[in-house]
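To keep things clear, I will list the structure first and then write my remarks on it.
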Amino acid sequence: MSGRGRLTLGAFAATLMAAGALLPLVKPATWIFPAAILLAVQSGVGVLTRRVPLARALTIGAQALVSLLALTLVFAREQALFGFLPGPQAFGQFAALFRAGADDVSTYAIPAPDTEGIRLMVVGGVLVIGLLVDALAVTFRSAAPAGLPLLALYSVAAGLSDGGASWLWFLVAASGYLLLLLAESRDRLSQWGRVFGGAPRAGGGGTGLSGSGQALAPVRTGRRIGVVAMGIALAVPAALPALSGGLFGNNGDGSGESGKGGTISAVNPLVSLQDNLRQPEDREVLRYRTNATDTSGMYLRLVALDQFDGTSWKSSVRPIQDVPERLPRPDGLSEQVRTTEVTGNFVASTTYEQKWLPMPYPAARVEIGGRWRYEPAGRMLVGDDGQNTRGARYTVTSLDVQPTGEQLAAATPAPAQLVSEYTKVPASLPADVKSTALQVTKDARNDYERAVKLQDWFASDGGFRYDVEVESGTGVQAISRFLERKEGFCVHFSFSMAAMARSLGIPARVAVGFMPGTPQSDGTISVGIRDAHAWPELYFEGAGWTRFEPTPTRGSTPEYTREQTPTGRPTGSAQPETSASALPSAAPSASESCPAQLRRLGECGPDAAAGDTSSGGGGPDALSVVLVCLGVAVILLLPLTPLLWRTRVRARRLGSSGRTVEEAVARTLDAWREIIDLAWDHGVLPDESQTPRKTAARIVRLGSLEGEPANAVHRVARAVEQVLYAPEPRPGTGLVDEVALVRSGFAASSARKVRLRALLAPRSAVRVVWSVSDRWSTLTNRWSARREAVTTRATTLFRRA
């Protein structure tokens with residue numbers, strides 16, 4: 001196989017292996033087969049066009065055109081001319097599929113269903129990356145920069161995967177890149193002719209040549225370096241706890257070593273909450289049985305978000321410890337407040353993965369096996385060393401805290417340290433947040449009444465509307481937008497009330513978890529994914545952290561807030577607002593004829609394409625994904641533009657010796673220009689006023705050239721004098737070899753910094769700017785001349801008339 005053939009095969013394999021990181025994002029992963037076929041077609045077109053040969057730009061254009069035809073054949077056959085030629089209707093179909101894919105990406109959790117729109121986005125993206133890799137590695141013969149688009153493809157997959165891409169996919173993608181580099185190295189070695197691989201082994205009959213069947217020494221060394229590099233990349237993150245939660249670990253899993261303290265830095269669960277609420281199928285995540293007589297207030301809490309930095313609410317970095325046999329009494333809970341112990345037996349679904357354990361708050365005792373740790377400040381249990389809730393069975397004894405309105409109204413001030421920590425608001429918090437809070441609570445006499453008024457204003461009096469389709473956001477601007485538009489879902493209501501409470505000096509935080517669920521006929525209670533919820537917790541000395549419910553039509557209003565409510569309006573139900581059945585079903589069904597509005601409200605029944613609940617991550621906005629990908633491509637490729645332009649110019653100048661005398665003369669002058677630009681790139685500025693002979697002497701002197709490189713400069717200068725001044729021009733021969741000698745001379749005489757500058761940022765690239773400026777000047781002069789001619793002609797005709 002030829003060198004270009006190996007490079008083409010390596011580029012194809014590297015792209016396909018990097019695309020493997022996308023497999024966990026879409027289920028089923030059958031999209032990889034059409035992507036591989038179309039990628040092979042694209043690579044085959046490159047092989048054929050390079051054999052013609054065509055100019056490099058035409059090769060890339062031919063590959064792009066054939067890729068477009070192939071995509072049309074696969075995704076828009078019925079709308080295309082003759083089934084494969086893209087026309088207006090075909091492009092309209094592409095736009096429709098892209099919009100549908102964007103909607104699907106925003107709707108479904110990871111792994112998303114393999115819909116037609118998502119398939120187009122994934123397959124098309126792989127083809128674009130494949131075209132870039134093939135162009136860089138094969139067309140321009142620069143395999144190293146081809147790793148940048150491969151890195152971009154892997155980075156997108158790793159960024160969209162919850163917790164990062166698996167180490168296996170990193171290993172596969174890295175192996176593909178190493179294969180590409182190996183193919184290029186073999187191609188470079190083969191250009192030197194028959195390469196000796198060293199002395200033959202003892203007792204062997206080989207000659208030590210490359211044809212002896214043994215791998216060449218440089219190839220063996222490259223393989224060993226690659227294996228060692230990948231081993232280090234895989235081993236270092238596992239050995240250093242500070243790197244956990246990065247490329248290979250679970251995102252945010254900062255828990256320490258089991259039984260020896262440590263900390264937890266939790267990721268923000270608000271990101272996935274909206275996606276859970278949008279799921280068309282209310283799939284069961286948890287089932288429990290309890291001895292509580294009233295479960296309307298039995299919220300299952302995952303995590304408390306106590307830090308608001310103006311961008312988002314998140315959980316603070318806290319120390320964790322082993323789970324005690326009995327949890328300490330909650331902070332601030334007085335003996336005078338009535339409490340009742342209730343016990344519940346919980347069974348998590350095998351498809352539900354979460355690092356926090358859903359429990360009623362405040363838990364007093366937890367019986368569970370596995371590697372779980374306890375975070376005292378938030379009274380949370382968090383999985384350690386990959387422990388999660390999948391299939392977990394556990395028993396929780398919790399306190400049903402029942403304060404009265406009078407007790408909350410008479411609460412003494414909270415401890416100063418707690419007030420200082422839980423009333424912090426960012427300096428960027430808009431002034432209208434606090435002014436609105438003061439306006440709503442202007443008649444309140446204490447913090448309890450202020451909290452109730454805030455809750456009632458959000459839940460009923462303020463005209464707010466519950467809508468899960470509203471764009472999410474947890475920053476200060478999102479609060480202002482929510483207060484202005486008055487529509488959102490539980491995230492908006494909870495963090496807005498918490499922020500307003502803090503602005504009034506009331507300690508507040510946001511809790512994330514599930515509503516109590518739906519009672520079943522067998523006495524158990526089923527919690528579905530659409531029971532996911534967020535609510536504010538406010539601190540009152542004597543009662544501790546106390547739940548409030550500002551979200552309309554969701555959850556239940558606490559009893560202790562009803563006593564001070566002047567109206568007799570009914571409170572919300574603890575059951576899910578809409579449900580296809582009492583028990584969340586895991587059986588898929590299709591409802592293609594269901595209107596979009598009813599589908600958004602979950603009235604269409606289960607959807608076979610619903611995302612798996614184990615993802616815990618929301619679907620990203622498609623436009624954001626596209627913009628991020630384009631931004632990554634621009635950031636990665638823009639610095640290489642001078643290098644690519646310089647490589648292209650050099651190849652054009654030295655590409656052919658010319659068939660006619662005129663062409664040969666032009667090639668001689670091109671070789672001379674290449675030497676001048678080569679010297680310019682290495683710091684020898686051109687001087688157009690000098691003759692070729694003086695220019696050559698100047699280049700040799702300032703460039704510190706000696707020996708054959710210096711002689712090569714003078715030989716090319718004499719060839720230029722022949723074609724410029726001789727009565728019968730005699731073009732030079734062997735100019736490509738002469739230029740190669742000059743390049744090697746500059747490489748040997750220049751410092752490393754100068755060589756890198758000449759390679760990555762060649763000074764002669766400024767000729768592009770000059771060329772564009774000259775063309776622009778020519779165009780404007782031509783336009784001015786034509787305009788003046790038209791004006792003169794019009795004036796002449798007017799005078800004649």
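Labeling convention for the structure tokens: chains A, B, ... as they appear, residues from 1 per chain, ligands from 1 in order of appearance.
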
Mind running segment 380-424 of chain A against segment 349-354 of chain A at 8 Å and telling me each contacting residue's nearest atom pair with the distance in Å (one decimal), counting only C-alpha atoms, chain and number ascending, as a Markdown table?
| residue | atom | partner | partner_atom | distance |
| --- | --- | --- | --- | --- |
| A:Asn388 | CA | A:Gln354 | CA | 5.3 |
| A:Thr389 | CA | A:Glu353 | CA | 5.3 |
| A:Arg390 | CA | A:Thr350 | CA | 4.7 |
| A:Gly391 | CA | A:Thr350 | CA | 4.3 |
| A:Ala392 | CA | A:Ser349 | CA | 7.6 |

Could you list, as a PyMOL selection string, every residue within 9 Å of Gln307 of chain A, counting only C-alpha atoms and ignoring same-chain residues fewer than 5 positions away?
chain A and resi 312-316+421-422+424-425+509

Generate the output file for the selected residues, all heavy atoms, as a PDB file, in the first residue's frame.
ATOM      1  N   SER A 312     -25.264  30.915  39.634  1.00  0.00           N
ATOM      2  CA  SER A 312     -26.071  29.724  39.906  1.00  0.00           C
ATOM      3  C   SER A 312     -26.093  29.452  41.401  1.00  0.00           C
ATOM      4  O   SER A 312     -25.277  29.976  42.168  1.00  0.00           O
ATOM      5  CB  SER A 312     -25.496  28.512  39.171  1.00  0.00           C
ATOM      6  OG  SER A 312     -24.191  28.226  39.661  1.00  0.00           O
ATOM      7  N   TRP A 313     -27.062  28.636  41.789  1.00  0.00           N
ATOM      8  CA  TRP A 313     -27.100  28.082  43.138  1.00  0.00           C
ATOM      9  C   TRP A 313     -26.357  26.755  43.109  1.00  0.00           C
ATOM     10  O   TRP A 313     -26.563  25.934  42.219  1.00  0.00           O
ATOM     11  CB  TRP A 313     -28.554  27.847  43.581  1.00  0.00           C
ATOM     12  CG  TRP A 313     -29.296  29.098  43.927  1.00  0.00           C
ATOM     13  CD1 TRP A 313     -29.962  29.914  43.074  1.00  0.00           C
ATOM     14  CD2 TRP A 313     -29.452  29.664  45.225  1.00  0.00           C
ATOM     15  NE1 TRP A 313     -30.521  30.960  43.749  1.00  0.00           N
ATOM     16  CE2 TRP A 313     -30.225  30.831  45.077  1.00  0.00           C
ATOM     17  CE3 TRP A 313     -29.016  29.307  46.491  1.00  0.00           C
ATOM     18  CZ2 TRP A 313     -30.573  31.644  46.160  1.00  0.00           C
ATOM     19  CZ3 TRP A 313     -29.361  30.107  47.572  1.00  0.00           C
ATOM     20  CH2 TRP A 313     -30.126  31.265  47.396  1.00  0.00           C
ATOM     21  N   LYS A 314     -25.500  26.512  44.089  1.00  0.00           N
ATOM     22  CA  LYS A 314     -24.756  25.270  44.129  1.00  0.00           C
ATOM     23  C   LYS A 314     -24.433  24.914  45.569  1.00  0.00           C
ATOM     24  O   LYS A 314     -24.582  25.734  46.487  1.00  0.00           O
ATOM     25  CB  LYS A 314     -23.474  25.377  43.311  1.00  0.00           C
ATOM     26  CG  LYS A 314     -22.583  26.551  43.676  1.00  0.00           C
ATOM     27  CD  LYS A 314     -21.454  26.694  42.668  1.00  0.00           C
ATOM     28  CE  LYS A 314     -20.622  27.931  42.983  1.00  0.00           C
ATOM     29  NZ  LYS A 314     -19.546  28.130  41.977  1.00  0.00           N
ATOM     30  N   SER A 315     -24.000  23.685  45.735  1.00  0.00           N
ATOM     31  CA  SER A 315     -23.677  23.186  47.068  1.00  0.00           C
ATOM     32  C   SER A 315     -22.241  23.546  47.408  1.00  0.00           C
ATOM     33  O   SER A 315     -21.340  23.432  46.576  1.00  0.00           O
ATOM     34  CB  SER A 315     -23.869  21.672  47.127  1.00  0.00           C
ATOM     35  OG  SER A 315     -23.639  21.190  48.429  1.00  0.00           O
ATOM     36  N   SER A 316     -22.010  23.977  48.632  1.00  0.00           N
ATOM     37  CA  SER A 316     -20.669  24.353  49.066  1.00  0.00           C
ATOM     38  C   SER A 316     -19.791  23.116  49.229  1.00  0.00           C
ATOM     39  O   SER A 316     -20.272  21.985  49.356  1.00  0.00           O
ATOM     40  CB  SER A 316     -20.727  25.098  50.399  1.00  0.00           C
ATOM     41  OG  SER A 316     -21.492  26.270  50.289  1.00  0.00           O
ATOM     42  N   GLU A 421     -23.660  33.391  56.706  1.00  0.00           N
ATOM     43  CA  GLU A 421     -23.410  32.462  55.593  1.00  0.00           C
ATOM     44  C   GLU A 421     -24.612  32.329  54.673  1.00  0.00           C
ATOM     45  O   GLU A 421     -24.461  32.280  53.447  1.00  0.00           O
ATOM     46  CB  GLU A 421     -23.033  31.086  56.151  1.00  0.00           C
ATOM     47  CG  GLU A 421     -22.759  30.060  55.058  1.00  0.00           C
ATOM     48  CD  GLU A 421     -22.328  28.714  55.630  1.00  0.00           C
ATOM     49  OE1 GLU A 421     -22.242  28.599  56.880  1.00  0.00           O
ATOM     50  OE2 GLU A 421     -22.085  27.788  54.830  1.00  0.00           O
ATOM     51  N   TYR A 422     -25.813  32.301  55.237  1.00  0.00           N
ATOM     52  CA  TYR A 422     -26.999  31.971  54.445  1.00  0.00           C
ATOM     53  C   TYR A 422     -27.824  33.188  54.044  1.00  0.00           C
ATOM     54  O   TYR A 422     -28.946  33.034  53.560  1.00  0.00           O
ATOM     55  CB  TYR A 422     -27.878  30.973  55.205  1.00  0.00           C
ATOM     56  CG  TYR A 422     -27.257  29.603  55.303  1.00  0.00           C
ATOM     57  CD1 TYR A 422     -26.530  29.221  56.428  1.00  0.00           C
ATOM     58  CD2 TYR A 422     -27.365  28.689  54.257  1.00  0.00           C
ATOM     59  CE1 TYR A 422     -25.948  27.972  56.527  1.00  0.00           C
ATOM     60  CE2 TYR A 422     -26.795  27.433  54.342  1.00  0.00           C
ATOM     61  CZ  TYR A 422     -26.079  27.077  55.477  1.00  0.00           C
ATOM     62  OH  TYR A 422     -25.506  25.841  55.557  1.00  0.00           O
ATOM     63  N   LYS A 424     -26.042  35.669  52.281  1.00  0.00           N
ATOM     64  CA  LYS A 424     -25.179  36.299  51.281  1.00  0.00           C
ATOM     65  C   LYS A 424     -25.889  36.365  49.944  1.00  0.00           C
ATOM     66  O   LYS A 424     -26.468  35.382  49.485  1.00  0.00           O
ATOM     67  CB  LYS A 424     -23.875  35.508  51.134  1.00  0.00           C
ATOM     68  CG  LYS A 424     -22.935  35.610  52.324  1.00  0.00           C
ATOM     69  CD  LYS A 424     -21.663  34.812  52.059  1.00  0.00           C
ATOM     70  CE  LYS A 424     -20.698  34.902  53.246  1.00  0.00           C
ATOM     71  NZ  LYS A 424     -19.476  34.096  53.014  1.00  0.00           N
ATOM     72  N   VAL A 425     -25.837  37.529  49.331  1.00  0.00           N
ATOM     73  CA  VAL A 425     -26.331  37.706  47.973  1.00  0.00           C
ATOM     74  C   VAL A 425     -25.233  38.389  47.165  1.00  0.00           C
ATOM     75  O   VAL A 425     -24.473  39.197  47.708  1.00  0.00           O
ATOM     76  CB  VAL A 425     -27.629  38.543  47.932  1.00  0.00           C
ATOM     77  CG1 VAL A 425     -28.776  37.794  48.560  1.00  0.00           C
ATOM     78  CG2 VAL A 425     -27.424  39.895  48.594  1.00  0.00           C
ATOM     79  N   ARG A 509     -31.922  28.672  51.633  1.00  0.00           N
ATOM     80  CA  ARG A 509     -31.197  27.826  50.682  1.00  0.00           C
ATOM     81  C   ARG A 509     -32.235  27.105  49.812  1.00  0.00           C
ATOM     82  O   ARG A 509     -33.437  27.196  50.073  1.00  0.00           O
ATOM     83  CB  ARG A 509     -30.299  26.818  51.403  1.00  0.00           C
ATOM     84  CG  ARG A 509     -31.040  25.807  52.267  1.00  0.00           C
ATOM     85  CD  ARG A 509     -30.081  24.986  53.118  1.00  0.00           C
ATOM     86  NE  ARG A 509     -30.747  23.941  53.874  1.00  0.00           N
ATOM     87  CZ  ARG A 509     -30.174  23.180  54.798  1.00  0.00           C
ATOM     88  NH1 ARG A 509     -28.895  23.379  55.105  1.00  0.00           N
ATOM     89  NH2 ARG A 509     -30.849  22.251  55.439  1.00  0.00           N
TER      90      ARG A 509
END

Segment 653-676 of chain A near segment 706-725 of chain A within 10 Å: what's each residue's closest atom pair and its distance in Å to one decimal, counting only C-alpha atoms, ordered by chain then ascending residue number, as a Markdown table?
| residue | atom | partner | partner_atom | distance |
| --- | --- | --- | --- | --- |
| A:Glu662 | CA | A:Val723 | CA | 9.8 |
| A:Ala664 | CA | A:Val723 | CA | 9.5 |
| A:Val665 | CA | A:Val723 | CA | 6.2 |
| A:Ala666 | CA | A:Val723 | CA | 9.0 |
| A:Thr668 | CA | A:Val720 | CA | 6.5 |
| A:Leu669 | CA | A:Val720 | CA | 6.3 |
| A:Asp670 | CA | A:Val720 | CA | 9.8 |
| A:Ala671 | CA | A:Val716 | CA | 7.7 |
| A:Trp672 | CA | A:Val716 | CA | 6.5 |
| A:Ile675 | CA | A:Val713 | CA | 7.6 |
| A:Ile676 | CA | A:Val713 | CA | 9.6 |

Between A:Val742, A:Val396, A:Val126, A:Val366, which one has atoms that come closest to Ile37 of chain A, using only C-alpha atoms?
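Looking only at the distances to Ile37 of chain A, the closest residue turns out to be A:Val126.
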
Atom-to-atom span, atom CA of Glu449 of chain A and atom CA of Trp535 of chain A, Å:
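It comes out at 18.0 Å.
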
Let me make sure I understand: among A:Arg329, A:Arg393, A:Arg287, A:Arg767, which one has the smallest atom-to-atom distance to Gly544 of chain A if we use only C-alpha atoms?
A:Arg329

Compare A:Trp356, A:Phe464, A:Phe84, A:Phe493 by their minimum atom-to-atom distance to Met380 of chain A, counting only C-alpha atoms, and give me the closest one.
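Between A:Trp356, A:Phe464, A:Phe84, A:Phe493, the residue approaching Met380 of chain A most closely is A:Trp356.
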
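Neighbours of Val66 of chain A closer than or equal to 12 Å, with only C-alpha atoms counted and sequence neighbours fewer than 6 positions away skipped, come out as A:Leu38, A:Leu39, A:Ala40, A:Val41, A:Gln42, A:Ser43, A:Gly44, A:Val45, A:Gly46, A:Thr49, A:Thr59, A:Ile60, A:Thr72, A:Leu73, A:Phe84, A:Leu85, A:Pro86, A:Leu127, A:Leu131.
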
Hey, what does DSSP flag as strand (DSSP E) within segment 482-537 of chain A? Can you give it to me as an NGL selection string?
:A and (487-488 or 508-514 or 518-519 or 525-528 or 532-537)

I need the residue nearest Tyr177 of chain A from this list: A:Ala64, A:Asp331, A:Ala11, A:Arg141. Use only C-alpha atoms for the distance.
A:Ala11

Calculate how many Å separate atom CA of Val736 of chain A from atom CA of Pro686 of chain A, rounding to one decimal.
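Atom-to-atom, atom CA of Val736 of chain A to atom CA of Pro686 of chain A, that is 20.8 Å.
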
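When the distance limit is 9 Å and only C-alpha atoms are what count, the residues near Asp467 of chain A, minus those fewer than 5 positions from it on the same chain, are Glu487, Gly488, Phe489 and Cys490 of chain A.
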
Check segment 353-486 of chain A with DSSP on the backbone and list each residue it calls alpha helix (DSSP H), as a ChimeraX atom specification.
/A:405-409,416-422,431-440,447-456,476-485
